[in-house]
Amino acid sequence: MYAIIRTGGKQYKVQAGDILQVDKLEQKLGAEFDINEILMVGGESTHVGQPLVKGAKVTVVVTKQAKTRKQIVFKKKRRQGYRKFATHRQEFTELFVKAITSPDGKVAKTDESAKVVDVDAVRAEKAQARVTARKERAENKGTAEVVKKAAKKVAKKKVAKKAAKKTAKKATKSGAKKKAAKKTSKKA
């Protein structure tokens, strides 16, 4: 069974178990209420309203109250030096369709349950998680700096040892060349 409902000046086709976003309704989060503006009920038997179907109702649960993504509003008139830039976020209410009741008493229910999401609480939890992560990084930064300094000291020692070995090799090579040069000069 399906129904066509009207809310916020718009029409929506719904079935039991559907989730839909409508313009903001003044209802509390998790509230269950009936929508009585039913334009049509379809299924085995069809009921068309003139303009509304009497005795039909759709039971819904408010699962979310939030704002949509940011929309860019840009206005411009060419060659007039007129440009306006703004953004807009539309408020909406997310509804879970729990049941549809037709005028002849038939009811279509869903086995699923509504998952209510408190957007403000989720946002607060994420902010708190960011703060704790920042504190942990700050605490670990002190220990990380000590480790980095120790690593730099070890690296400097290794570089110094390599440099000492290179100079020792050069010294032995140049010494061998001098000895060879002396031997050749003595022979001549």
# chains A, B, ... in the order shown; residues from 1 in each chain; ligands from 1
$ select_by_dssp --residues "chain A" --states "strand (DSSP E)" --output "ChimeraX atom specification"
/A:2-7,10-15,19-23,32-35,38-42,47-48,57-67,71-77,82-88,91-101,107-109
$ residues_around --residues "Val58 of chain A" --least-positions-apart "4" --cutoff "7 Å" --atoms "only C-alpha atoms" --output "list in words"
Asp34, Ile35, Asn36, Ala99, Ile100 and Thr101 of chain A
$ write_last_selection --atoms "N, CA and C atoms" --output "JSON list (two decimals), in the first residue's frame"
[["chain", "number", "residue", "atom", "x", "y", "z"],
["A", 34, "ASP", "N", 0.43, 11.83, 13.29],
["A", 34, "ASP", "CA", -0.29, 11.44, 12.08],
["A", 34, "ASP", "C", -0.34, 12.60, 11.11],
["A", 35, "ILE", "N", -0.20, 12.28, 9.83],
["A", 35, "ILE", "CA", -0.41, 13.26, 8.77],
["A", 35, "ILE", "C", -1.77, 12.94, 8.17],
["A", 36, "ASN", "N", -2.65, 13.94, 8.18],
["A", 36, "ASN", "CA", -4.02, 13.72, 7.72],
["A", 36, "ASN", "C", -4.28, 14.28, 6.33],
["A", 99, "ALA", "N", 3.30, 3.65, 9.48],
["A", 99, "ALA", "CA", 2.09, 2.93, 9.04],
["A", 99, "ALA", "C", 1.24, 3.83, 8.15],
["A", 100, "ILE", "N", 0.46, 3.15, 7.28],
["A", 100, "ILE", "CA", -0.51, 3.84, 6.43],
["A", 100, "ILE", "C", -1.87, 3.20, 6.70],
["A", 101, "THR", "N", -2.85, 4.03, 7.01],
["A", 101, "THR", "CA", -4.20, 3.53, 7.26],
["A", 101, "THR", "C", -5.12, 4.05, 6.16]]
$ closest_residue --among "A:Gln128, A:Thr59, A:Thr167, A:Gln21" --to "Lys109 of chain A" --atoms "only C-alpha atoms"
A:Thr59
$ closest_residue --among "A:Ile72, A:Val53, A:Leu29, A:Ala108" --to "Val14 of chain A" --atoms "only C-alpha atoms"
A:Ala108
$ closest_residue --among "A:Val48, A:Ile19, A:Tyr12, A:Arg79" --to "Glu112 of chain A" --atoms "only C-alpha atoms"
A:Ile19
$ atom_distance --atom1 "atom CA of Asp118 of chain A" --atom2 "atom CA of Gly17 of chain A"
19.8 Å
$ select_by_dssp --residues "segment 18-149 of chain A" --states "helix (DSSP H, G or I)" --output "PyMOL selection string"
chain A and resi 119-149
$ atom_distance --atom1 "atom CA of Leu52 of chain A" --atom2 "atom CA of Asp111 of chain A"
27.6 Å
$ closest_residue --among "A:Gln80, A:Ala138, A:Lys64, A:Lys70" --to "Val122 of chain A" --atoms "only C-alpha atoms"
A:Lys64
$ atom_distance --atom1 "atom CA of Lys98 of chain A" --atom2 "atom CA of Phe33 of chain A"
9.8 Å
$ residues_around --residues "Gly43 of chain A" --least-positions-apart "3" --cutoff "8 Å" --atoms "only C-alpha atoms" --output "PDB file with C-alpha atoms, in the first residue's frame"
ATOM      1  CA  MET A   1       0.000   0.000   0.000  1.00  0.00           C
ATOM      2  CA  TYR A   2       1.188   3.526  -0.757  1.00  0.00           C
ATOM      3  CA  THR A  46      -7.495   2.942  -4.752  1.00  0.00           C
TER       4      THR A  46
END
$ residues_around --residues "Glu94 of chain A" --least-positions-apart "3" --cutoff "12 Å" --atoms "only C-alpha atoms" --output "PyMOL selection string"
chain A and resi 18-31+60-68+91+97+114-119
